[in-house]
Amino acid sequence: PSVTWTAVEYSNTKWGHVWETEWAVPDTVQHNASFFLDAFVTRTGLSPDPRDASYPGKGEVLHIRKPLIRYAPQKRVRATKNLLSGKADDDEDAAAEAKEYEDWKSRPFVSYYYPNVTLELVGDAANVAYATLPPPVKQHVHIAREGAKTFDDKQAYFPILFPNTFWDLSSQLQPVNTTTTVLPLRVEFKPSGYFKFQLQSTMDEAFTKQSASMGGGSGGELDEIKRILIETNPVLLITTVVVSVLHMLFEFLAFAGDIAHTRSRKGLVGVSVRTILTNVFVQFIVLLYLIDQSEETNYMIIMSSGIGLAIEAWKITKAVDIKVVRQPAQSLLPYKVEIHDKHVLNEDELRTQEYDRAAFKIVGLGTTPFLVGWTIYSMLYQSHRSWYSFVIQTLTSFVQMFGFVQLVPQLIINYKLKSVAHIPMKAMMYKSLSTVIDDFFSFIIKMPLLHRLACFRDDVVFLVLLYQQKWIYRVDYSRENEYGQKFDEDEAKKQLDKKAHDEQARIKADGVETKKTQ
């Protein structure tokens with residue numbers, strides 16, 4: 001099939017053409033052969049066909065060739081089933097998964113087809129300096145016949161015809177195989193500005209190279225960026241960019257503050273070691289879940305979870321010594337893990353340990369029945385990809401629904417000790433800001449439903465911790481606290497001056513209110 005558009009005004013931007021058709025898929029294309037769309041641009045009245053009498057010659061015809069067939073790793077259908085009965089949710093999905101697995105072993109890379117083609121004629125590209133163009137732009141600028149000059153005696157070039165693939169989404173690619181006999185084709189021909197052409201061609205090249213450097217995967221991350229650009233309101237999009245930068249900044253500051261606070265500690269007073277151990281387990285389970293659901297998860301979420309896991313694991317080494325030792329020959333397991341305190345605990349640390357043990361006992365008694373019940377329900381009534389997926393999803397569901405209880409022991413310790421000096425408040429403030437941003441992100445960034453709900457769950461715990469820090473157990477900045485930590489002189493003075501200023505403002509406001517009442 002072919003189409004011809006005539007009398008296109010090169011400098012006019014108020015036009016556009018759309019052509020829709022279908023084409024029969026040749027047998028060679030069904031077996032991974034290539035297929036191209038050829039576009040020709042000539043002056044009005046001339047033909048691009050060399051057999052036509054009006055053919056002006058090769059140097060007068062612009063020829064653009066765009067591949068319609070792309071090659072990518074074969075997508076896998078991941079069917080779910082009931083683990084006890086072995087029955088799949090959808091028999092068609094199960095059959096498709098088995099068939100595609102067999103196909104994948106013989107054809108790991110397959111042909112894909114995108115039905116929409118956008119050709120943009122760049123109409124305001126005046127005085128293009130061909131020699132200095134960046135490669136992503138230069139590949140679309142074609143020199144005219146040798147000796148052709150512009151009015152100012154520069155090398156002439158053809159009008160720029162840009163096959164725009166920037167908005168193509170890999171999620172919309174259609175597989176081509178032996179059952180594919182007819183495919184639709186929609187060609188849109190429209191004008192474009194030179195700046196827009198430069199921007200899109202450069203970004204498209206960058207995205208293509210980024211996808212190739214990541215192993216040529218499904219392109220889900222790049223699709224996510226394009227989806228946000230297409231679907232998101234411009235004001236919301238700008239807000240998202242600003243919020244993204246702030247989120248990364250607060251995450252980094254929270255991590256840095258947490259590390260600095262842990263390094264400066266002289267003991268374990270007020271620290272729930274069991275909470276740290278639980279955090280490591282929880283972070284590890286969540287990370288495995290995010291990886292298992294990688295098709296639905298943004299890489300930024302996975303990276304943040306991984307960094308948090310590394311920091312929590314490092315905290316354990318600051319609190320206790322962990323060793324793997326060999327067990328006696330008659331033991332069931334050849335090795336066991338031994339955990340010892342870093343030093344002899346003092347009275348306050350022993351009290352902390354006692355409160356920690358009691359708090360975890362209460363929390364364990366309250367949550368264990370839910371874990372057992374949820375596990376039985378999930379096994380009987382829900383479908384999973386495998387036993388591994390079942391274990392990860394069940395633990396993650398429990399962690400996300402009841403994960404806030406892991407911080408309850410720390411709240412109890414704060415209450416028993418009547419102090420929050422052992423809490424890294426800078427890190428806590430940054431984390432609270434990150435949590436607010438997570439709430440915003442949960443509506444925009446692609447993530448599993450359970451992780452989205454967990455963003456709002458964390459708000460409750462942060463509010464309780466802030467209440468303890470700001471209203472119940474305020475810290476005296478001018479003296480060393482009972483745990484061997486203090487501000488330096490300048491920072492202590494700054495905090496005291498700020499506190500005094502706030503107090504004076506409050507008293508003054510109360511005085512004004514009293515006069516009004518009288």
# chains A, B, ... in the order shown; residues from 1 in each chain; ligands from 1
>>> select_by_dssp(residues="stretch 304-347 of chain A", states="alpha helix (DSSP H)", output="JSON, numbers by chain")
{"A": [304, 305, 306, 307, 308, 309, 310, 311, 312, 313, 314, 315, 316, 317, 318, 319, 347]}
>>> write_last_selection(atoms="C-alpha atoms", output="mmCIF file, in the first residue's frame")
data_model
loop_
_atom_site.group_PDB
_atom_site.id
_atom_site.type_symbol
_atom_site.label_atom_id
_atom_site.label_comp_id
_atom_site.auth_asym_id
_atom_site.auth_seq_id
_atom_site.Cartn_x
_atom_site.Cartn_y
_atom_site.Cartn_z
ATOM 1 C CA SER A 304 15.897 3.283 48.113
ATOM 2 C CA SER A 305 14.816 0.013 49.751
ATOM 3 C CA GLY A 306 18.238 -1.530 49.083
ATOM 4 C CA ILE A 307 20.102 1.400 50.658
ATOM 5 C CA GLY A 308 17.834 1.269 53.713
ATOM 6 C CA LEU A 309 18.550 -2.452 54.103
ATOM 7 C CA ALA A 310 22.326 -1.855 53.942
ATOM 8 C CA ILE A 311 22.169 0.847 56.645
ATOM 9 C CA GLU A 312 20.024 -1.266 58.981
ATOM 10 C CA ALA A 313 22.441 -4.196 58.550
ATOM 11 C CA TRP A 314 25.376 -1.886 59.346
ATOM 12 C CA LYS A 315 23.611 -0.696 62.522
ATOM 13 C CA ILE A 316 23.568 -4.268 63.830
ATOM 14 C CA THR A 317 27.369 -4.421 63.669
ATOM 15 C CA LYS A 318 27.519 -1.277 65.848
ATOM 16 C CA ALA A 319 25.282 -2.817 68.507
ATOM 17 C CA GLU A 347 22.157 -0.413 84.299
#
>>> decode(residues="stretch 168-182 of chain A", atoms="N, CA and C atoms", output="PDB file, in the first residue's frame")
ATOM      1  N   ASP A 168       6.703   6.314  21.202  1.00  0.00           N
ATOM      2  CA  ASP A 168       6.354   4.899  21.075  1.00  0.00           C
ATOM      3  C   ASP A 168       6.584   4.189  22.407  1.00  0.00           C
ATOM      4  N   LEU A 169       5.599   3.433  22.847  1.00  0.00           N
ATOM      5  CA  LEU A 169       5.689   2.708  24.113  1.00  0.00           C
ATOM      6  C   LEU A 169       5.903   1.222  23.843  1.00  0.00           C
ATOM      7  N   SER A 170       6.891   0.656  24.503  1.00  0.00           N
ATOM      8  CA  SER A 170       7.182  -0.768  24.303  1.00  0.00           C
ATOM      9  C   SER A 170       6.029  -1.649  24.776  1.00  0.00           C
ATOM     10  N   SER A 171       5.216  -1.125  25.705  1.00  0.00           N
ATOM     11  CA  SER A 171       4.078  -1.911  26.191  1.00  0.00           C
ATOM     12  C   SER A 171       3.007  -2.086  25.117  1.00  0.00           C
ATOM     13  N   GLN A 172       3.063  -1.271  24.036  1.00  0.00           N
ATOM     14  CA  GLN A 172       2.076  -1.358  22.962  1.00  0.00           C
ATOM     15  C   GLN A 172       2.588  -2.127  21.744  1.00  0.00           C
ATOM     16  N   LEU A 173       3.782  -2.707  21.843  1.00  0.00           N
ATOM     17  CA  LEU A 173       4.321  -3.488  20.737  1.00  0.00           C
ATOM     18  C   LEU A 173       3.529  -4.784  20.563  1.00  0.00           C
ATOM     19  N   GLN A 174       3.257  -5.141  19.315  1.00  0.00           N
ATOM     20  CA  GLN A 174       2.518  -6.361  19.010  1.00  0.00           C
ATOM     21  C   GLN A 174       3.487  -7.433  18.501  1.00  0.00           C
ATOM     22  N   PRO A 175       3.463  -8.641  19.067  1.00  0.00           N
ATOM     23  CA  PRO A 175       4.352  -9.702  18.568  1.00  0.00           C
ATOM     24  C   PRO A 175       3.939 -10.153  17.172  1.00  0.00           C
ATOM     25  N   VAL A 176       4.920 -10.471  16.345  1.00  0.00           N
ATOM     26  CA  VAL A 176       4.675 -10.963  14.987  1.00  0.00           C
ATOM     27  C   VAL A 176       5.155 -12.407  14.909  1.00  0.00           C
ATOM     28  N   ASN A 177       4.252 -13.316  14.537  1.00  0.00           N
ATOM     29  CA  ASN A 177       4.608 -14.733  14.419  1.00  0.00           C
ATOM     30  C   ASN A 177       3.860 -15.353  13.245  1.00  0.00           C
ATOM     31  N   THR A 178       3.867 -16.653  13.181  1.00  0.00           N
ATOM     32  CA  THR A 178       3.267 -17.342  12.027  1.00  0.00           C
ATOM     33  C   THR A 178       1.751 -17.196  11.958  1.00  0.00           C
ATOM     34  N   THR A 179       1.128 -16.776  13.041  1.00  0.00           N
ATOM     35  CA  THR A 179      -0.331 -16.586  13.032  1.00  0.00           C
ATOM     36  C   THR A 179      -0.721 -15.165  12.636  1.00  0.00           C
ATOM     37  N   THR A 180       0.258 -14.292  12.462  1.00  0.00           N
ATOM     38  CA  THR A 180      -0.014 -12.895  12.115  1.00  0.00           C
ATOM     39  C   THR A 180      -0.092 -12.770  10.599  1.00  0.00           C
ATOM     40  N   THR A 181      -1.275 -12.515  10.080  1.00  0.00           N
ATOM     41  CA  THR A 181      -1.461 -12.433   8.620  1.00  0.00           C
ATOM     42  C   THR A 181      -1.696 -11.006   8.138  1.00  0.00           C
ATOM     43  N   VAL A 182      -2.357 -10.187   8.942  1.00  0.00           N
ATOM     44  CA  VAL A 182      -2.657  -8.805   8.556  1.00  0.00           C
ATOM     45  C   VAL A 182      -2.367  -7.898   9.741  1.00  0.00           C
TER      46      VAL A 182
END
